[in-house]
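Here the structure comes first, spelled out in structure tokens, and everything after it is commentary.
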Amino acid sequence: MISKKICLVGDFGVGKTSLIRRFVDKQFSDQYLSTVGVKISRKIVDLTELNSEKTGSVQLLIWDIEGHTKFKAIAPSYLQGASGVVIVADVTRLETVERLPEHINLFLSVNPKGCIVIAFNKIDLLDSTELEHLLKLAPNLKQYDQILSSYKTSAKTGDHVDRIFYELSEHFISS
């Protein structure tokens, strides 16, 4: 079994901790708890159970990194050694979507060979028309070859939450 470090990065309050709790513990809470520094979770992903073309298991060491701007100075030390990152934006707050390139560039400055998945989180709070309008305002991320994909997620309903972690795991097995 291989073990890989991944980080969840994004502005404060975008749902990083909630996405991890949904994936690791299959739980969701409406209570907002601000992460201080970093919290590390662990989960084994067995790709053979997923009807995946890939087989094998990956132990994910998931680093939940604080989203406050004053934290940016020490964030690179937490990102060190990460094979992948999930960069999270809150679809109800356009500024978190607009800052995606900032988070991508920070991650790539530390891990130029790392892979990226984007999570447009909290889709349960917008109707489909509002969501599509917001995504049209999102910055163009096509210049980043390291982005595997982006997902519209909801930690509350579970929409596409497992998929973001499975995609990273499949990428680790194949690379």
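Scheme for the structure tokens: letters A, B, ... for chains in order shown; per-chain residue numbers from 1; ligand numbers from 1 in order shown.
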Excluding Lys5 in chain A and any residue of its chain fewer than 2 positions from it, enumerate the residues within 12 Å of it, using only C-alpha atoms, and give them as a short mmCIF file (atom, residue, chain, number, x, y, z; two decimals) with all heavy atoms, in the first residue's frame.
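For reference, part_14.cif as written:
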```cif
data_model
loop_
_atom_site.label_atom_id
_atom_site.label_comp_id
_atom_site.auth_asym_id
_atom_site.auth_seq_id
_atom_site.Cartn_x
_atom_site.Cartn_y
_atom_site.Cartn_z
N ILE A 2 0.53 2.21 -0.83
CA ILE A 2 1.29 3.45 -0.83
C ILE A 2 0.60 4.46 0.07
O ILE A 2 -0.60 4.38 0.31
CB ILE A 2 1.46 4.02 -2.26
CG1 ILE A 2 0.12 4.37 -2.90
CG2 ILE A 2 2.24 3.07 -3.14
CD1 ILE A 2 0.25 5.12 -4.21
N SER A 3 1.39 5.38 0.60
CA SER A 3 0.87 6.42 1.47
C SER A 3 1.20 7.77 0.84
O SER A 3 2.33 7.99 0.39
CB SER A 3 1.53 6.30 2.84
OG SER A 3 1.01 7.24 3.74
N CYS A 7 -3.26 17.90 0.82
CA CYS A 7 -3.68 19.04 1.63
C CYS A 7 -5.00 19.57 1.11
O CYS A 7 -5.28 19.49 -0.08
CB CYS A 7 -2.63 20.15 1.55
SG CYS A 7 -1.01 19.69 2.21
N LEU A 8 -5.80 20.12 2.01
CA LEU A 8 -6.98 20.89 1.62
C LEU A 8 -6.67 22.34 1.93
O LEU A 8 -6.29 22.67 3.05
CB LEU A 8 -8.23 20.42 2.36
CG LEU A 8 -9.01 19.38 1.55
CD1 LEU A 8 -8.36 18.04 1.64
CD2 LEU A 8 -10.45 19.34 1.93
N ILE A 40 -4.63 16.73 10.93
CA ILE A 40 -4.31 15.64 10.01
C ILE A 40 -5.27 14.47 10.23
O ILE A 40 -5.45 14.01 11.36
CB ILE A 40 -2.85 15.18 10.19
CG1 ILE A 40 -1.92 16.36 9.97
CG2 ILE A 40 -2.53 14.04 9.22
CD1 ILE A 40 -0.47 16.10 10.35
N SER A 41 -5.89 14.01 9.15
CA SER A 41 -6.76 12.83 9.18
C SER A 41 -6.15 11.77 8.28
O SER A 41 -5.32 12.07 7.41
CB SER A 41 -8.16 13.18 8.67
OG SER A 41 -8.75 14.19 9.44
N ARG A 42 -6.60 10.53 8.47
CA ARG A 42 -6.07 9.43 7.68
C ARG A 42 -7.21 8.56 7.20
O ARG A 42 -8.16 8.30 7.95
CB ARG A 42 -5.14 8.62 8.58
CG ARG A 42 -4.27 7.62 7.89
CD ARG A 42 -3.23 7.10 8.87
NE ARG A 42 -3.84 6.53 10.05
CZ ARG A 42 -3.63 5.29 10.45
NH1 ARG A 42 -2.83 4.50 9.80
NH2 ARG A 42 -4.23 4.83 11.53
N LYS A 43 -7.12 8.13 5.94
CA LYS A 43 -8.13 7.21 5.42
C LYS A 43 -7.50 6.35 4.33
O LYS A 43 -6.75 6.85 3.50
CB LYS A 43 -9.33 7.96 4.84
CG LYS A 43 -10.36 7.00 4.24
CD LYS A 43 -11.76 7.46 4.39
CE LYS A 43 -12.70 6.45 3.77
NZ LYS A 43 -14.06 6.74 3.97
N ILE A 44 -7.84 5.07 4.37
CA ILE A 44 -7.37 4.15 3.33
C ILE A 44 -8.43 4.06 2.25
O ILE A 44 -9.61 3.82 2.54
CB ILE A 44 -7.06 2.77 3.92
CG1 ILE A 44 -5.88 2.88 4.90
CG2 ILE A 44 -6.75 1.76 2.81
CD1 ILE A 44 -5.59 1.64 5.70
N VAL A 58 -4.54 3.07 -1.33
CA VAL A 58 -3.76 4.27 -1.04
C VAL A 58 -4.16 4.75 0.35
O VAL A 58 -5.35 4.91 0.64
CB VAL A 58 -4.03 5.39 -2.06
CG1 VAL A 58 -3.21 6.63 -1.73
CG2 VAL A 58 -3.74 4.93 -3.48
N GLN A 59 -3.17 4.96 1.21
CA GLN A 59 -3.45 5.59 2.49
C GLN A 59 -3.27 7.09 2.29
O GLN A 59 -2.19 7.56 1.93
CB GLN A 59 -2.49 5.10 3.57
CG GLN A 59 -2.70 5.83 4.89
CD GLN A 59 -1.79 5.33 5.98
OE1 GLN A 59 -2.26 4.70 6.91
NE2 GLN A 59 -0.50 5.61 5.88
N LEU A 60 -4.36 7.84 2.47
CA LEU A 60 -4.30 9.28 2.34
C LEU A 60 -4.06 9.90 3.71
O LEU A 60 -4.79 9.61 4.66
CB LEU A 60 -5.60 9.83 1.76
CG LEU A 60 -5.95 9.42 0.34
CD1 LEU A 60 -7.29 10.04 -0.07
CD2 LEU A 60 -4.85 9.82 -0.64
N LEU A 61 -3.03 10.72 3.81
CA LEU A 61 -2.80 11.55 4.98
C LEU A 61 -3.30 12.94 4.59
O LEU A 61 -2.68 13.62 3.78
CB LEU A 61 -1.31 11.58 5.34
CG LEU A 61 -0.72 10.21 5.63
CD1 LEU A 61 0.79 10.29 5.75
CD2 LEU A 61 -1.32 9.63 6.89
N ILE A 62 -4.44 13.31 5.13
CA ILE A 62 -5.17 14.50 4.69
C ILE A 62 -4.91 15.64 5.67
O ILE A 62 -5.34 15.59 6.82
CB ILE A 62 -6.68 14.20 4.59
CG1 ILE A 62 -6.92 12.97 3.70
CG2 ILE A 62 -7.43 15.42 4.05
CD1 ILE A 62 -8.32 12.40 3.80
N TRP A 63 -4.21 16.65 5.19
CA TRP A 63 -3.86 17.81 6.00
C TRP A 63 -4.90 18.91 5.75
O TRP A 63 -5.01 19.43 4.65
CB TRP A 63 -2.47 18.31 5.63
CG TRP A 63 -1.35 17.42 6.09
CD1 TRP A 63 -1.25 16.07 5.90
CD2 TRP A 63 -0.17 17.81 6.78
NE1 TRP A 63 -0.08 15.60 6.45
CE2 TRP A 63 0.61 16.65 6.98
CE3 TRP A 63 0.31 19.04 7.23
CZ2 TRP A 63 1.83 16.68 7.63
CZ3 TRP A 63 1.54 19.06 7.88
CH2 TRP A 63 2.28 17.90 8.08
N ASP A 64 -5.62 19.26 6.80
CA ASP A 64 -6.62 20.32 6.77
C ASP A 64 -5.92 21.60 7.24
O ASP A 64 -5.61 21.74 8.42
CB ASP A 64 -7.77 19.94 7.71
CG ASP A 64 -8.88 20.95 7.76
OD1 ASP A 64 -8.83 21.96 7.03
OD2 ASP A 64 -9.83 20.73 8.55
N TYR A 78 3.66 23.63 5.75
CA TYR A 78 2.65 22.57 5.84
C TYR A 78 2.41 21.89 4.49
O TYR A 78 2.07 20.72 4.43
CB TYR A 78 1.33 23.12 6.37
CG TYR A 78 1.33 23.40 7.86
CD1 TYR A 78 0.77 24.56 8.35
CD2 TYR A 78 1.90 22.51 8.75
CE1 TYR A 78 0.76 24.83 9.72
CE2 TYR A 78 1.91 22.76 10.11
CZ TYR A 78 1.35 23.92 10.59
OH TYR A 78 1.34 24.17 11.94
N LEU A 79 2.59 22.63 3.40
CA LEU A 79 2.39 22.08 2.06
C LEU A 79 3.54 21.18 1.62
O LEU A 79 3.38 20.36 0.72
CB LEU A 79 2.21 23.21 1.05
CG LEU A 79 0.96 24.07 1.22
CD1 LEU A 79 1.03 25.28 0.29
CD2 LEU A 79 -0.30 23.27 0.97
N GLN A 80 4.70 21.35 2.24
CA GLN A 80 5.90 20.60 1.86
C GLN A 80 5.64 19.10 1.83
O GLN A 80 5.09 18.54 2.77
CB GLN A 80 7.01 20.90 2.88
CG GLN A 80 8.39 20.53 2.42
CD GLN A 80 8.93 21.53 1.42
OE1 GLN A 80 8.73 22.72 1.55
NE2 GLN A 80 9.58 21.03 0.39
N GLY A 81 6.01 18.47 0.73
CA GLY A 81 5.90 17.01 0.62
C GLY A 81 4.53 16.49 0.22
O GLY A 81 4.31 15.29 0.17
N ALA A 82 3.60 17.39 -0.09
CA ALA A 82 2.26 16.94 -0.51
C ALA A 82 2.30 16.48 -1.96
O ALA A 82 2.87 17.14 -2.82
CB ALA A 82 1.24 18.06 -0.33
N SER A 83 1.69 15.34 -2.22
CA SER A 83 1.59 14.83 -3.59
C SER A 83 0.41 15.45 -4.34
O SER A 83 0.38 15.46 -5.56
CB SER A 83 1.41 13.31 -3.56
OG SER A 83 2.53 12.71 -2.95
N GLY A 84 -0.57 15.92 -3.57
CA GLY A 84 -1.76 16.50 -4.19
C GLY A 84 -2.44 17.48 -3.26
O GLY A 84 -2.12 17.55 -2.07
N VAL A 85 -3.36 18.23 -3.84
CA VAL A 85 -4.10 19.22 -3.07
C VAL A 85 -5.53 19.31 -3.59
O VAL A 85 -5.77 19.12 -4.78
CB VAL A 85 -3.41 20.62 -3.15
CG1 VAL A 85 -3.48 21.20 -4.55
CG2 VAL A 85 -3.99 21.60 -2.14
N VAL A 86 -6.45 19.53 -2.66
CA VAL A 86 -7.81 19.89 -3.02
C VAL A 86 -7.94 21.35 -2.65
O VAL A 86 -7.79 21.72 -1.47
CB VAL A 86 -8.86 19.04 -2.26
CG1 VAL A 86 -10.27 19.49 -2.63
CG2 VAL A 86 -8.67 17.56 -2.54
N ASN A 111 5.28 22.59 -4.40
CA ASN A 111 5.19 21.25 -4.99
C ASN A 111 4.92 21.36 -6.49
O ASN A 111 3.80 21.10 -6.93
CB ASN A 111 4.05 20.46 -4.32
CG ASN A 111 4.26 20.30 -2.84
OD1 ASN A 111 5.18 19.65 -2.40
ND2 ASN A 111 3.40 20.94 -2.06
N GLY A 114 3.09 18.45 -8.02
CA GLY A 114 1.88 17.99 -7.35
C GLY A 114 0.66 18.10 -8.26
O GLY A 114 0.65 18.84 -9.23
N CYS A 115 -0.36 17.33 -7.94
CA CYS A 115 -1.60 17.39 -8.73
C CYS A 115 -2.69 18.09 -7.92
O CYS A 115 -2.64 18.14 -6.70
CB CYS A 115 -2.03 15.99 -9.16
SG CYS A 115 -2.33 14.86 -7.82
N PHE A 165 -11.52 12.67 -3.65
CA PHE A 165 -10.44 11.91 -3.01
C PHE A 165 -10.10 10.66 -3.81
O PHE A 165 -8.94 10.26 -3.89
CB PHE A 165 -10.83 11.57 -1.57
CG PHE A 165 -10.95 12.79 -0.69
CD1 PHE A 165 -12.19 13.34 -0.42
CD2 PHE A 165 -9.82 13.39 -0.15
CE1 PHE A 165 -12.30 14.47 0.37
CE2 PHE A 165 -9.92 14.52 0.65
CZ PHE A 165 -11.17 15.07 0.91
N LEU A 168 -7.85 11.62 -6.82
CA LEU A 168 -6.45 11.77 -6.41
C LEU A 168 -5.81 10.40 -6.18
O LEU A 168 -4.68 10.16 -6.62
CB LEU A 168 -6.36 12.62 -5.14
CG LEU A 168 -6.56 14.12 -5.32
CD1 LEU A 168 -6.74 14.81 -3.98
CD2 LEU A 168 -5.41 14.75 -6.08
N SER A 169 -6.51 9.50 -5.51
CA SER A 169 -5.97 8.17 -5.23
C SER A 169 -5.68 7.41 -6.52
O SER A 169 -4.63 6.76 -6.65
CB SER A 169 -6.95 7.37 -4.37
OG SER A 169 -7.15 8.03 -3.13
N PHE A 172 -2.53 8.72 -8.02
CA PHE A 172 -1.33 8.26 -7.31
C PHE A 172 -0.96 6.84 -7.70
O PHE A 172 0.22 6.51 -7.83
CB PHE A 172 -1.51 8.36 -5.80
CG PHE A 172 -1.73 9.75 -5.29
CD1 PHE A 172 -2.56 9.97 -4.19
CD2 PHE A 172 -1.15 10.85 -5.89
CE1 PHE A 172 -2.77 11.26 -3.72
CE2 PHE A 172 -1.35 12.15 -5.43
CZ PHE A 172 -2.17 12.34 -4.32
#
```
Using only C-alpha atoms, which of the listed residues (A:Leu131, A:Val14, A:Ile123, A:Val110) sits closest to Gly158 in chain A?
->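 Under the stated criterion, the closest residue is A:Ile123.
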Looking only at the backbone, which of the residues in range 86-153 of chain A does DSSP tag as alpha helix (DSSP H), as a ChimeraX atom specification?
-> /A:94-98,100-110,128-137
Could you name the residues that touch Ile147 in chain A at 8 Å or less, counting only C-alpha atoms, but leaving out those on the same chain fewer than 4 positions away, as a list of chain:residue names?
->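 Those residues are A:Cys115, A:Ile116, A:Val117, A:Ile118.
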Surrounding residues of Ser154 in chain A excluding itself and chain neighbours under 3 positions, 12 Å, only C-alpha atoms, as a ChimeraX atom specification = /A:14-16,18-23,28,88-92,119-126,151,157-164
Neighbouring residues of Arg99 in chain A were defined as those with any atom within 9 Å, considering only C-alpha atoms; residues of the same chain fewer than 5 positions away were excluded. Please report them as a PDB file with all heavy atoms, in the first residue's frame.
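To be explicit, this is the file written out as around21.pdb:
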```pdb
ATOM      1  N   GLY A  10      -7.705  26.592   1.020  1.00  0.00           N
ATOM      2  CA  GLY A  10      -8.723  27.545   0.587  1.00  0.00           C
ATOM      3  C   GLY A  10      -8.932  28.579   1.667  1.00  0.00           C
ATOM      4  O   GLY A  10      -8.380  28.467   2.764  1.00  0.00           O
ATOM      5  N   ASP A  11      -9.726  29.588   1.362  1.00  0.00           N
ATOM      6  CA  ASP A  11     -10.013  30.638   2.333  1.00  0.00           C
ATOM      7  C   ASP A  11     -10.757  30.060   3.534  1.00  0.00           C
ATOM      8  O   ASP A  11     -11.283  28.933   3.477  1.00  0.00           O
ATOM      9  CB  ASP A  11     -10.865  31.733   1.683  1.00  0.00           C
ATOM     10  CG  ASP A  11     -10.099  32.514   0.621  1.00  0.00           C
ATOM     11  OD1 ASP A  11      -8.871  32.352   0.518  1.00  0.00           O
ATOM     12  OD2 ASP A  11     -10.738  33.278  -0.113  1.00  0.00           O
ATOM     13  N   ALA A  89     -13.284  26.265  -2.842  1.00  0.00           N
ATOM     14  CA  ALA A  89     -13.922  27.577  -2.904  1.00  0.00           C
ATOM     15  C   ALA A  89     -15.383  27.412  -2.493  1.00  0.00           C
ATOM     16  O   ALA A  89     -15.979  26.347  -2.693  1.00  0.00           O
ATOM     17  CB  ALA A  89     -13.832  28.151  -4.317  1.00  0.00           C
ATOM     18  N   LEU A  94     -18.113  34.763  -3.943  1.00  0.00           N
ATOM     19  CA  LEU A  94     -17.343  34.912  -5.174  1.00  0.00           C
ATOM     20  C   LEU A  94     -15.862  35.162  -4.909  1.00  0.00           C
ATOM     21  O   LEU A  94     -15.004  34.654  -5.636  1.00  0.00           O
ATOM     22  CB  LEU A  94     -17.919  36.039  -6.037  1.00  0.00           C
ATOM     23  CG  LEU A  94     -17.205  36.313  -7.359  1.00  0.00           C
ATOM     24  CD1 LEU A  94     -17.188  35.082  -8.255  1.00  0.00           C
ATOM     25  CD2 LEU A  94     -17.833  37.501  -8.074  1.00  0.00           C
ATOM     26  N   ILE A 104      -3.545  28.046  -5.923  1.00  0.00           N
ATOM     27  CA  ILE A 104      -2.860  27.143  -6.856  1.00  0.00           C
ATOM     28  C   ILE A 104      -1.389  27.514  -6.946  1.00  0.00           C
ATOM     29  O   ILE A 104      -0.507  26.649  -6.842  1.00  0.00           O
ATOM     30  CB  ILE A 104      -3.525  27.197  -8.255  1.00  0.00           C
ATOM     31  CG1 ILE A 104      -4.927  26.598  -8.203  1.00  0.00           C
ATOM     32  CG2 ILE A 104      -2.662  26.466  -9.291  1.00  0.00           C
ATOM     33  CD1 ILE A 104      -5.772  26.845  -9.450  1.00  0.00           C
ATOM     34  N   PRO A 139     -12.205  32.458 -12.416  1.00  0.00           N
ATOM     35  CA  PRO A 139     -11.023  32.690 -13.244  1.00  0.00           C
ATOM     36  C   PRO A 139     -10.738  31.497 -14.144  1.00  0.00           C
ATOM     37  O   PRO A 139     -11.079  30.356 -13.810  1.00  0.00           O
ATOM     38  CB  PRO A 139      -9.897  32.894 -12.221  1.00  0.00           C
ATOM     39  CG  PRO A 139     -10.428  32.440 -10.911  1.00  0.00           C
ATOM     40  CD  PRO A 139     -11.920  32.410 -10.992  1.00  0.00           C
TER      41      PRO A 139
END
```
Please identify which residues in chain A DSSP calls strand (DSSP E) from the backbone, and express them as an NGL selection string.
-> :A and (2-9 or 38-46 or 57-65 or 84-90 or 115-121 or 147-152)
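Each of A:Thr153, A:Lys136, A:Thr55, A:Val9 was checked against Glu102 in chain A using only C-alpha atoms; the smallest atom-to-atom distance is that of A:Val9.
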So, counting only C-alpha atoms, which residue among A:Leu134, A:Leu47, A:Ala155, A:Leu100 is closest to Ile173 in chain A?
->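 Closest candidate: A:Leu47.
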One decimal, Å: what's the distance from CA of Lys152 in chain A over to CA of Glu98 in chain A, could you say?
-> 15.7 Å
